[in-house]
file target-v6.txt (compact mmCIF, C-alpha atoms)
# COMPACT_ATOMS: atom_id res chain seq x y z
CA MET A 1 39.13 15.12 -184.90
CA LYS A 2 38.95 18.88 -185.15
CA VAL A 3 42.09 20.75 -184.16
CA ILE A 4 40.81 24.24 -184.87
CA GLU A 5 37.23 25.35 -184.52
CA CYS A 6 36.44 28.85 -185.60
CA ARG A 7 32.97 30.37 -185.19
CA VAL A 8 31.84 33.78 -186.47
CA LEU A 9 35.29 35.11 -185.70
CA THR A 10 35.76 38.83 -186.11
CA LYS A 11 38.90 40.87 -185.57
CA ARG A 12 38.92 44.65 -185.60
CA PHE A 13 41.90 46.93 -185.73
CA GLY A 14 40.39 50.27 -184.78
CA ARG A 15 37.63 50.79 -187.29
CA THR A 16 38.90 48.31 -189.86
CA LYS A 17 37.55 44.79 -189.85
CA ALA A 18 40.46 42.46 -190.60
CA LEU A 19 38.37 39.33 -190.16
CA ASN A 20 34.65 39.22 -190.65
CA ASN A 21 32.37 36.44 -189.31
CA LEU A 22 34.76 33.69 -190.22
CA SER A 23 33.66 30.10 -189.48
CA PHE A 24 35.54 26.92 -190.36
CA ASP A 25 37.08 23.78 -188.89
CA ILE A 26 40.53 22.34 -189.45
CA VAL A 27 40.70 18.56 -189.15
CA GLU A 28 43.62 16.80 -187.49
CA ASN A 29 46.61 15.73 -189.60
CA THR A 30 45.71 17.60 -192.75
CA ILE A 31 47.71 20.11 -194.76
CA THR A 32 45.60 23.18 -195.46
CA GLY A 33 46.55 26.00 -197.79
CA LEU A 34 45.40 29.42 -196.62
CA VAL A 35 44.97 31.56 -199.71
CA GLY A 36 43.80 35.08 -200.38
CA ARG A 37 44.83 38.40 -201.87
CA ASN A 38 47.17 40.84 -200.18
CA GLY A 39 45.41 42.25 -197.14
CA ALA A 40 42.69 39.56 -197.13
CA GLY A 41 43.48 38.72 -193.51
CA LYS A 42 45.68 35.62 -193.83
CA THR A 43 48.34 36.75 -191.39
CA THR A 44 45.80 38.08 -188.89
CA LEU A 45 43.97 34.76 -188.98
CA LEU A 46 47.17 32.78 -188.52
CA LYS A 47 48.23 34.99 -185.62
CA ILE A 48 44.89 34.49 -183.91
CA MET A 49 45.17 30.72 -184.41
CA ALA A 50 48.70 30.93 -183.02
CA GLY A 51 47.45 32.77 -179.95
CA TYR A 52 49.50 35.85 -180.74
CA LEU A 53 46.49 38.10 -181.22
CA GLN A 54 43.23 38.23 -179.37
CA LYS A 55 39.96 37.97 -181.25
CA THR A 56 37.42 40.78 -181.08
CA GLU A 57 34.25 38.69 -181.34
CA GLY A 58 33.26 35.11 -181.96
CA GLU A 59 35.05 31.97 -180.92
CA ILE A 60 38.36 30.34 -181.72
CA LYS A 61 39.27 26.99 -180.18
CA ALA A 62 42.40 24.93 -180.62
CA TRP A 63 42.02 21.43 -179.19
CA GLY A 64 38.97 22.81 -177.39
CA GLU A 65 40.78 25.69 -175.70
CA ASP A 66 41.35 29.36 -176.36
CA PRO A 67 44.84 29.64 -177.87
CA PHE A 68 45.41 33.17 -176.54
CA ASN A 69 47.83 33.37 -173.62
CA ASN A 70 47.90 29.59 -173.30
CA LEU A 71 51.26 28.02 -172.42
CA GLN A 72 50.13 24.41 -172.90
CA PHE A 73 48.95 25.31 -176.38
CA SER A 74 52.11 27.18 -177.35
CA ALA A 75 54.24 24.14 -176.51
CA ASN A 76 52.27 22.21 -179.16
CA MET A 77 52.30 24.90 -181.81
CA ILE A 78 54.91 26.65 -183.91
CA PHE A 79 54.29 29.76 -185.97
CA ILE A 80 56.79 30.56 -188.69
CA ASP A 81 56.91 33.84 -190.58
CA ASP A 82 59.63 36.06 -191.96
CA ASN A 83 59.85 38.45 -189.06
CA MET A 84 60.47 35.96 -186.30
CA PRO A 85 62.54 37.64 -183.64
CA MET A 86 65.74 35.67 -183.11
CA PRO A 87 68.26 36.28 -180.36
CA GLN A 88 71.20 38.20 -181.84
CA THR A 89 73.77 36.64 -179.54
CA LEU A 90 73.03 33.02 -180.45
CA SER A 91 74.44 31.16 -183.44
CA LEU A 92 72.11 29.11 -185.65
CA MET A 93 73.17 25.93 -183.87
CA GLU A 94 72.49 27.47 -180.48
CA ILE A 95 69.01 28.51 -181.63
CA LEU A 96 68.37 24.90 -182.70
CA ASP A 97 69.59 23.72 -179.28
CA TRP A 98 67.08 25.98 -177.60
CA GLY A 99 64.39 24.68 -179.93
CA SER A 100 65.14 21.14 -178.84
CA LYS A 101 64.70 22.17 -175.20
CA PHE A 102 61.34 23.78 -175.77
CA TYR A 103 59.66 21.39 -178.21
CA ASN A 104 58.92 17.83 -177.11
CA ASN A 105 58.99 16.20 -180.54
CA TRP A 106 62.06 18.10 -181.76
CA ASP A 107 64.23 16.09 -184.16
CA MET A 108 67.83 17.30 -184.10
CA ASP A 109 68.96 14.92 -186.87
CA ILE A 110 66.49 16.46 -189.29
CA ALA A 111 67.41 19.98 -188.18
CA ARG A 112 71.15 19.32 -188.68
CA GLY A 113 70.56 17.48 -191.95
CA LEU A 114 68.52 20.34 -193.39
CA LEU A 115 70.98 22.97 -192.12
CA ASP A 116 73.75 21.12 -193.88
CA TYR A 117 71.75 20.48 -197.07
CA PHE A 118 70.86 24.16 -197.44
CA SER A 119 74.50 25.13 -196.76
CA LEU A 120 73.86 27.08 -193.60
CA ALA A 121 76.90 27.12 -191.31
CA PRO A 122 75.98 26.21 -187.70
CA GLY A 123 78.16 29.04 -186.38
CA GLN A 124 76.47 31.79 -188.42
CA PHE A 125 74.24 34.42 -186.87
CA HIS A 126 70.64 34.86 -187.97
CA GLN A 127 70.78 38.64 -188.41
CA TYR A 128 73.58 38.37 -190.99
CA LEU A 129 71.75 35.91 -193.22
CA SER A 130 70.22 37.01 -196.52
CA ARG A 131 66.46 37.20 -196.72
CA GLY A 132 66.14 33.88 -198.51
CA LEU A 133 68.45 32.12 -196.09
CA LYS A 134 66.57 33.59 -193.11
CA SER A 135 63.36 32.08 -194.50
CA THR A 136 65.17 28.80 -195.06
CA PHE A 137 66.42 28.68 -191.49
CA ASN A 138 62.96 29.56 -190.17
CA VAL A 139 61.31 26.69 -192.01
CA ILE A 140 63.98 24.31 -190.75
CA LEU A 141 62.80 25.28 -187.26
CA GLY A 142 59.23 24.74 -188.39
CA ILE A 143 59.90 21.24 -189.72
CA ALA A 144 62.25 20.03 -186.97
CA ALA A 145 59.90 21.16 -184.17
CA ARG A 146 57.32 18.58 -185.39
CA CYS A 147 54.58 20.45 -183.59
CA PRO A 148 51.09 18.92 -183.71
CA LEU A 149 50.00 22.30 -185.06
CA THR A 150 52.43 23.90 -187.51
CA LEU A 151 51.52 27.33 -188.90
CA LEU A 152 53.59 28.69 -191.77
CA ASP A 153 52.96 32.24 -192.97
CA GLU A 154 54.37 32.80 -196.47
CA PRO A 155 57.28 30.51 -195.59
CA THR A 156 59.02 30.75 -198.95
CA THR A 157 59.44 34.55 -199.11
CA GLY A 158 62.82 35.32 -200.64
CA MET A 159 63.74 31.69 -201.35
CA ASP A 160 64.95 30.82 -204.83
CA ALA A 161 62.96 28.38 -206.93
CA ALA A 162 65.18 25.38 -206.16
CA VAL A 163 65.00 25.92 -202.41
CA ARG A 164 61.23 26.38 -202.52
CA LYS A 165 60.84 23.07 -204.32
CA ASP A 166 63.14 21.30 -201.87
CA PHE A 167 61.35 22.83 -198.93
CA TYR A 168 57.90 21.65 -200.04
CA ARG A 169 59.26 18.17 -200.68
CA ALA A 170 60.92 18.15 -197.24
CA LEU A 171 57.70 19.30 -195.61
CA LEU A 172 55.68 16.58 -197.36
CA LYS A 173 58.16 13.84 -196.55
CA ASP A 174 58.34 14.78 -192.90
CA TYR A 175 54.55 15.00 -192.79
CA LEU A 176 54.21 11.50 -194.28
CA GLN A 177 56.45 10.09 -191.57
CA HIS A 178 55.05 12.24 -188.79
CA PRO A 179 51.51 13.30 -189.65
CA ARG A 180 50.47 16.59 -188.07
CA THR A 181 48.19 19.52 -188.72
CA ILE A 182 49.83 22.03 -191.02
CA ILE A 183 48.41 25.33 -192.24
CA VAL A 184 50.46 27.18 -194.81
CA SER A 185 49.62 30.50 -196.36
CA SER A 186 50.91 31.42 -199.77
CA HIS A 187 50.29 33.57 -202.81
CA LEU A 188 51.67 30.88 -205.02
CA LEU A 189 48.98 28.23 -204.98
CA ASN A 190 50.44 26.56 -208.06
CA GLU A 191 53.54 25.78 -206.12
CA ILE A 192 51.98 24.24 -203.03
CA GLN A 193 48.78 22.73 -204.38
CA ASP A 194 50.16 19.23 -204.90
CA ILE A 195 50.99 18.73 -201.25
CA LEU A 196 47.73 20.22 -199.97
CA GLU A 197 44.62 18.39 -198.92
CA GLU A 198 42.38 21.38 -198.24
CA VAL A 199 42.21 24.98 -199.36
CA LEU A 200 40.74 27.83 -197.33
CA LEU A 201 40.24 30.89 -199.48
CA ILE A 202 39.48 34.18 -197.75
CA ARG A 203 38.42 37.47 -199.22
CA GLU A 204 38.31 40.75 -197.32
CA GLY A 205 38.39 38.90 -194.01
CA ALA A 206 35.49 36.59 -194.86
CA LYS A 207 35.47 33.00 -196.00
CA CYS A 208 35.21 32.60 -199.75
CA LEU A 209 35.42 28.85 -199.84
CA HIS A 210 36.85 25.89 -197.94
CA MET A 211 37.10 22.60 -199.80
CA SER A 212 39.47 19.85 -200.82
CA ILE A 213 42.04 20.81 -203.44
CA SER A 214 40.72 18.16 -205.82
CA ASP A 215 37.21 19.63 -205.62
CA LEU A 216 38.62 23.10 -206.14
CA LYS A 217 40.43 22.01 -209.28
CA GLU A 218 37.14 20.76 -210.71
CA TYR A 219 35.11 23.72 -209.47
CA GLY A 220 35.28 25.69 -212.67
CA ILE A 221 35.50 25.01 -216.37
CA GLY A 222 36.82 27.34 -219.04
CA LEU A 223 35.08 27.85 -222.39
CA LEU A 224 36.85 29.56 -225.24
CA GLY A 225 35.07 30.42 -228.46
CA ARG A 226 32.87 32.81 -230.43
CA ARG A 227 30.92 35.21 -228.24
CA GLU A 228 27.47 34.53 -229.69
CA VAL A 229 27.93 30.76 -229.37
CA LEU A 230 29.17 31.01 -225.80
CA GLU A 231 26.45 33.38 -224.65
CA LYS A 232 23.86 30.72 -225.42
CA ILE A 233 25.83 27.98 -223.66
CA VAL A 234 26.50 29.90 -220.46
CA GLU A 235 22.93 31.08 -220.10
CA GLY A 236 21.58 29.96 -216.73
CA GLU A 237 25.03 28.85 -215.58
CA GLU A 238 26.95 30.45 -212.75
CA ILE A 239 29.53 32.68 -214.45
CA LEU A 240 32.74 33.13 -212.49
CA HIS A 241 34.75 35.07 -215.01
CA ARG A 242 34.42 36.63 -218.43
CA GLU A 243 37.13 37.95 -220.67
CA GLU A 244 37.08 39.48 -224.14
CA LEU A 245 39.85 38.19 -226.35
CA GLY A 246 39.96 40.23 -229.51
CA GLU A 247 37.28 40.33 -232.17
CA GLY A 248 34.25 38.30 -231.20
CA THR A 249 36.19 35.77 -229.16
CA CYS A 250 35.36 35.27 -225.54
CA TYR A 251 36.63 33.27 -222.59
CA TYR A 252 34.12 32.28 -219.95
CA VAL A 253 34.70 30.43 -216.70
CA VAL A 254 31.57 28.85 -215.26
CA ARG A 255 30.80 26.46 -212.39
CA ASN A 256 31.54 22.93 -213.45
CA THR A 257 27.89 21.90 -213.39
CA LEU A 258 27.45 21.77 -217.13
CA LYS A 259 25.74 18.64 -218.35
CA ASP A 260 27.83 16.28 -220.50
CA GLN A 261 25.38 16.81 -223.30
CA LYS A 262 25.93 20.57 -223.20
CA ILE A 263 29.71 20.09 -223.25
CA LYS A 264 29.40 17.86 -226.29
CA GLU A 265 27.23 20.44 -228.03
CA ALA A 266 29.77 23.14 -227.18
CA LYS A 267 32.60 21.07 -228.61
CA LEU A 268 30.62 20.44 -231.76
CA ALA A 269 30.10 24.19 -232.09
CA GLY A 270 33.86 24.66 -232.02
CA VAL A 271 34.19 25.76 -228.39
CA GLU A 272 37.43 24.83 -226.69
CA ILE A 273 37.03 23.37 -223.21
CA LYS A 274 39.79 24.30 -220.81
CA ALA A 275 40.75 23.24 -217.31
CA VAL A 276 40.84 26.08 -214.83
CA THR A 277 43.78 25.87 -212.47
CA ALA A 278 43.13 26.30 -208.76
CA GLU A 279 45.25 29.43 -208.77
CA ASP A 280 43.33 31.10 -211.60
CA LEU A 281 40.07 30.14 -209.97
CA CYS A 282 41.12 31.79 -206.72
CA VAL A 283 42.00 34.94 -208.64
CA TYR A 284 38.57 34.97 -210.31
CA LEU A 285 36.72 34.32 -207.06
CA THR A 286 38.52 37.09 -205.21
CA ALA A 287 38.59 39.58 -208.07
CA GLY A 288 37.73 43.02 -206.78
CA LYS A 289 36.80 45.31 -209.58
CA LYS A 290 34.97 43.82 -212.53
CA GLY A 291 36.99 44.13 -215.71
CA GLY A 292 40.33 43.78 -213.97
CA ILE A 293 43.36 46.01 -214.34
CA ASP A 294 42.41 46.99 -217.90
CA SER A 295 39.41 48.96 -216.65
CA VAL A 296 41.71 51.43 -214.88
CA PHE A 297 43.30 52.37 -218.17
CA ASN A 298 40.10 52.31 -220.20
CA GLU A 299 38.40 54.86 -217.94
CA LYS A 300 40.90 57.54 -218.86
CA MET B 1 55.87 9.02 -214.67
CA LYS B 2 55.62 12.78 -214.37
CA LEU B 3 52.31 14.18 -213.27
CA ASN B 4 50.75 16.91 -215.33
CA THR B 5 49.65 19.44 -212.74
CA ASP B 6 47.65 21.91 -214.78
CA GLY B 7 45.97 19.75 -217.36
CA MET B 8 42.36 18.77 -217.65
CA LYS B 9 42.97 15.49 -215.85
CA PRO B 10 42.88 15.58 -212.04
CA LEU B 11 45.93 14.24 -210.23
CA TYR B 12 44.03 11.37 -208.64
CA VAL B 13 42.82 10.21 -212.06
CA GLN B 14 46.40 10.30 -213.31
CA ILE B 15 47.42 8.19 -210.31
CA SER B 16 44.71 5.62 -210.94
CA GLU B 17 45.61 5.45 -214.64
CA TRP B 18 49.28 4.98 -213.80
CA LEU B 19 48.38 2.11 -211.47
CA GLU B 20 46.20 0.56 -214.19
CA THR B 21 49.10 0.71 -216.61
CA GLU B 22 51.35 -0.95 -214.04
CA ILE B 23 48.78 -3.74 -213.69
CA LEU B 24 48.29 -4.13 -217.45
CA SER B 25 52.02 -4.29 -218.10
CA GLY B 26 52.39 -6.94 -215.42
CA ASN B 27 54.64 -4.88 -213.16
CA ILE B 28 52.11 -5.52 -210.45
CA GLN B 29 50.60 -9.00 -210.53
CA LYS B 30 47.15 -10.10 -209.46
CA GLU B 31 46.80 -10.84 -205.75
CA GLU B 32 49.85 -8.67 -205.18
CA LYS B 33 49.81 -5.79 -202.70
CA ILE B 34 49.57 -2.41 -204.37
CA TYR B 35 51.39 0.75 -203.26
CA SER B 36 49.95 2.43 -200.19
CA GLN B 37 48.68 6.00 -200.32
CA TYR B 38 51.82 7.06 -198.44
CA GLN B 39 54.16 5.37 -200.91
CA LEU B 40 52.34 7.01 -203.81
CA ALA B 41 52.43 10.39 -202.05
CA GLU B 42 56.17 10.08 -201.63
CA MET B 43 56.73 8.82 -205.19
CA PHE B 44 54.73 11.56 -206.88
CA ASN B 45 55.20 14.32 -204.32
CA ILE B 46 51.48 14.72 -203.66
CA ASN B 47 49.23 14.81 -200.63
CA PRO B 48 48.36 11.29 -199.39
CA ALA B 49 44.65 12.16 -199.52
CA THR B 50 44.96 12.73 -203.27
CA ALA B 51 46.75 9.39 -203.65
CA ALA B 52 44.03 7.68 -201.59
CA LYS B 53 41.41 9.09 -203.93
CA GLY B 54 43.22 7.49 -206.86
CA LEU B 55 43.32 4.14 -205.07
CA ASN B 56 39.65 4.37 -204.12
CA ILE B 57 38.56 4.82 -207.73
CA LEU B 58 40.15 1.45 -208.51
CA ALA B 59 38.69 -0.13 -205.39
CA ASP B 60 35.20 1.08 -206.32
CA GLU B 61 35.57 -0.55 -209.73
CA GLY B 62 36.69 -3.82 -208.19
CA ILE B 63 40.16 -3.59 -209.72
CA LEU B 64 41.64 -3.46 -206.23
CA TYR B 65 40.23 -4.97 -203.08
CA LYS B 66 40.86 -4.20 -199.44
CA LYS B 67 42.17 -6.64 -196.90
CA ARG B 68 41.41 -5.32 -193.48
CA GLY B 69 44.55 -4.07 -191.78
CA LEU B 70 46.79 -5.21 -194.64
CA GLY B 71 46.08 -2.68 -197.36
CA MET B 72 44.89 -3.00 -200.94
CA PHE B 73 45.52 -5.86 -203.34
CA VAL B 74 45.06 -6.43 -207.06
CA SER B 75 41.88 -8.37 -207.87
CA PRO B 76 42.20 -11.62 -209.81
CA ARG B 77 40.17 -10.16 -212.69
CA ALA B 78 41.78 -6.71 -212.62
CA LYS B 79 43.24 -6.84 -216.12
CA GLU B 80 39.97 -7.81 -217.78
CA LYS B 81 38.12 -5.09 -215.93
CA ILE B 82 40.62 -2.41 -216.92
CA LEU B 83 40.61 -3.46 -220.56
CA LYS B 84 36.84 -3.59 -220.69
CA ARG B 85 36.43 -0.10 -219.27
CA ARG B 86 39.19 1.41 -221.40
CA LYS B 87 37.49 0.01 -224.48
CA ASN B 88 34.01 1.11 -223.47
CA ASP B 89 34.83 4.57 -222.14
CA THR B 90 38.29 5.83 -222.99
CA LEU B 91 38.48 4.55 -226.53
CA LYS B 92 34.91 5.57 -227.33
CA GLN B 93 35.63 9.08 -226.09
CA LEU B 94 38.79 9.29 -228.19
CA VAL B 95 36.93 8.12 -231.26
CA TRP B 96 34.24 10.69 -230.61
CA GLU B 97 36.85 13.45 -230.48
CA LEU B 98 38.53 12.08 -233.59
CA VAL B 99 35.31 12.03 -235.58
CA THR B 100 34.33 15.51 -234.37
CA GLU B 101 37.68 16.95 -235.39
CA ALA B 102 37.51 15.19 -238.75
CA GLU B 103 34.09 16.74 -239.37
CA HIS B 104 35.43 20.17 -238.44
CA LEU B 105 38.12 19.75 -241.03
CA GLY B 106 35.62 18.52 -243.57
CA LEU B 107 37.19 15.11 -243.93
CA GLU B 108 35.27 12.36 -245.74
CA GLU B 109 34.65 9.17 -243.81
CA GLU B 110 36.78 7.19 -246.23
CA GLU B 111 39.70 9.62 -245.83
CA LEU B 112 39.56 9.19 -242.07
CA MET B 113 39.46 5.40 -242.37
CA GLU B 114 42.41 5.57 -244.72
CA MET B 115 44.40 7.58 -242.15
CA ILE B 116 43.62 5.01 -239.47
CA ARG B 117 44.69 2.15 -241.72
CA GLU B 118 47.90 4.00 -242.57
CA VAL B 119 48.84 4.44 -238.91
CA LYS B 120 48.06 0.83 -238.18
CA GLU B 121 50.23 -0.44 -240.99
CA LYS B 122 53.11 1.87 -240.17
CA GLY B 123 52.91 0.89 -236.53
CA ARG B 124 53.27 -2.75 -237.50
CA GLY B 125 55.83 -2.34 -240.22

call {"tool": "encode", "arguments": {"input": "target-v6.txt", "output": "structure tokens"}}
result
Amino acid sequence: MKVIECRVLTKRFGRTKALNNLSFDIVENTITGLVGRNGAGKTTLLKIMAGYLQKTEGEIKAWGEDPFNNLQFSANMIFIDDNMPMPQTLSLMEILDWGSKFYNNWDMDIARGLLDYFSLAPGQFHQYLSRGLKSTFNVILGIAARCPLTLLDEPTTGMDAAVRKDFYRALLKDYLQHPRTIIVSSHLLNEIQDILEEVLLIREGAKCLHMSISDLKEYGIGLLGRREVLEKIVEGEEILHREELGEGTCYYVVRNTLKDQKIKEAKLAGVEIKAVTAEDLCVYLTAGKKGGIDSVFNEK
Amino acid sequence: MKLNTDGMKPLYVQISEWLETEILSGNIQKEEKIYSQYQLAEMFNINPATAAKGLNILADEGILYKKRGLGMFVSPRAKEKILKRRKNDTLKQLVWELVTEAEHLGLEEEELMEMIREVKEKGRG
């Protein structure tokens, strides 16, 4: 079943287009990674899905209804980001108590267990927490609420590496026991990719690709070797990335549609075949200026 | 087992190979129920869809079979099937790479054979 249906969605802020003709579906009980460069429109898209922002054109449906200004919907959805407004007069425990009153599936045992595990004192106040601990508390809310639609916008901002790892494991474990639809945006695809089922990559407000993480990992193939050898091999192939590595050596990334025979020939000619990680692939697919950062310096 | 997350081998292939090894070593017997996708997801910290893909590879090859509503079980002839495929595909591929590398290094056939014999003897001694 589709939880989110998005059709030619456009969002304008004044003259800028934040989202541009975006169409995709999110299937029930999947974990989707929302990936893209800074300013690609990830947060805008999540806020529209959360019903916080109104679309400009197109259609967005959550369980068949418009999420904007929809109380029924907001009871089934939680949106976590690092500037969630929290009441200054309530302690962490009191915030959790309020959470349990609002959300039907709220699990207080999990909330308390996580609070304790991450060494957050129930009597502390949110505004006095460090940045990393604020994020940690916010994701505890996100997990304990067990909302059928859970939206997490850069949930690990400020967390240290150990906490990030624990958080992703906690999210996966809770998801296994209580399947729900989760969309999580992140810059660090390497970190979340194992728990994802789908990846939605956006670029300048438009969809770049939407596919399963396992397909994405096999989308490209890296070839490292002598330039003249490689140029023959990649001819007619879809080139995703090209890099010069010193004298006469080249690194190409092409679509993984090379025939086995061609790969064998390449290997025989001394070409190294490399796997292209999902994260690198996303960087190549959303690369702005050809030539990368080096070109800025070379132009001088 | 620790999964290698940025290697050439997809996670679901690593899962299916791990299960094969468990079957070959006898840790999971024939006609025994195999781990569910959710158990594998929890064990390896991966999405259950990825784990399911690993299980389905083995089901497609007849190494596992489905019992409706009960899950997946190890086929009676699972071991033979795994061994046969590993010989025909995996080993052949490895030999191909070995021979290619030996040619790159300009090794004579006899030298290569000698190296293989050496490893075999050392492994036994």

call {"tool": "atom_distance", "arguments": {"input": "target-v6.txt", "atom1": "CA of Ala51 in chain B", "atom2": "CA of Leu11 in chain B"}}
result
8.2 Å

call {"tool": "closest_residue", "arguments": {"input": "target-v6.txt", "among": "A:Thr277, A:Ser135, A:Ser91, A:Ser119", "to": "chain B", "atoms": "only C-alpha atoms"}}
result
A:Thr277

call {"tool": "residues_near_point", "arguments": {"input": "target-v6.txt", "point": "(36.9, 29.5, -214.0)", "cutoff": "6 Å", "atoms": "only C-alpha atoms", "output": "number ranges by chain"}}
result
A: 220-222, 240, 253-254, 276, 281

call {"tool": "residues_around", "arguments": {"input": "target-v6.txt", "residues": "Thr89 in chain A", "least_positions_apart": "5", "cutoff": "10 Å", "atoms": "all atoms listed in the file", "output": "list in words"}}
result
Glu94, Ile95, Phe125, His126 and Gln127 of chain A

call {"tool": "write_last_selection", "arguments": {"input": "target-v6.txt", "atoms": "C-alpha atoms", "output": "PDB file, in the coordinates of the input"}}
result
ATOM      1  CA  GLU A  94      72.490  27.470-180.480  1.00  0.00           C
ATOM      2  CA  ILE A  95      69.010  28.510-181.630  1.00  0.00           C
ATOM      3  CA  PHE A 125      74.240  34.420-186.870  1.00  0.00           C
ATOM      4  CA  HIS A 126      70.640  34.860-187.970  1.00  0.00           C
ATOM      5  CA  GLN A 127      70.780  38.640-188.410  1.00  0.00           C
TER       6      GLN A 127
END

call {"tool": "interface_residues", "arguments": {"input": "target-v6.txt", "of": "chain B", "to": "chain A", "cutoff": "12 Å", "atoms": "all atoms listed in the file", "output": "ChimeraX atom specification"}}
result
/B:3-13,36-54,93,96-105

call {"tool": "atom_distance", "arguments": {"input": "target-v6.txt", "atom1": "CA of Ile263 in chain A", "atom2": "CA of Tyr219 in chain A"}}
result
15.2 Å

call {"tool": "residues_around", "arguments": {"input": "target-v6.txt", "residues": "Leu64 in chain B", "least_positions_apart": "5", "cutoff": "12 Å", "atoms": "only C-alpha atoms", "output": "PyMOL selection string"}}
result
chain B and resi 16+19-20+23+28-36+54-59+71-79+81-82

call {"tool": "atom_distance", "arguments": {"input": "target-v6.txt", "atom1": "CA of Cys208 in chain A", "atom2": "CA of Ser186 in chain A"}}
result
15.7 Å

call {"tool": "closest_residue", "arguments": {"input": "target-v6.txt", "among": "A:Leu189, A:Ile78, A:Val8, A:Cys250", "to": "Leu223 in chain A", "atoms": "only C-alpha atoms"}}
result
A:Cys250

call {"tool": "closest_residue", "arguments": {"input": "target-v6.txt", "among": "A:Glu65, A:Asp109, A:Glu204, A:Glu243", "to": "Asp294 in chain A", "atoms": "all atoms listed in the file"}}
result
A:Glu243
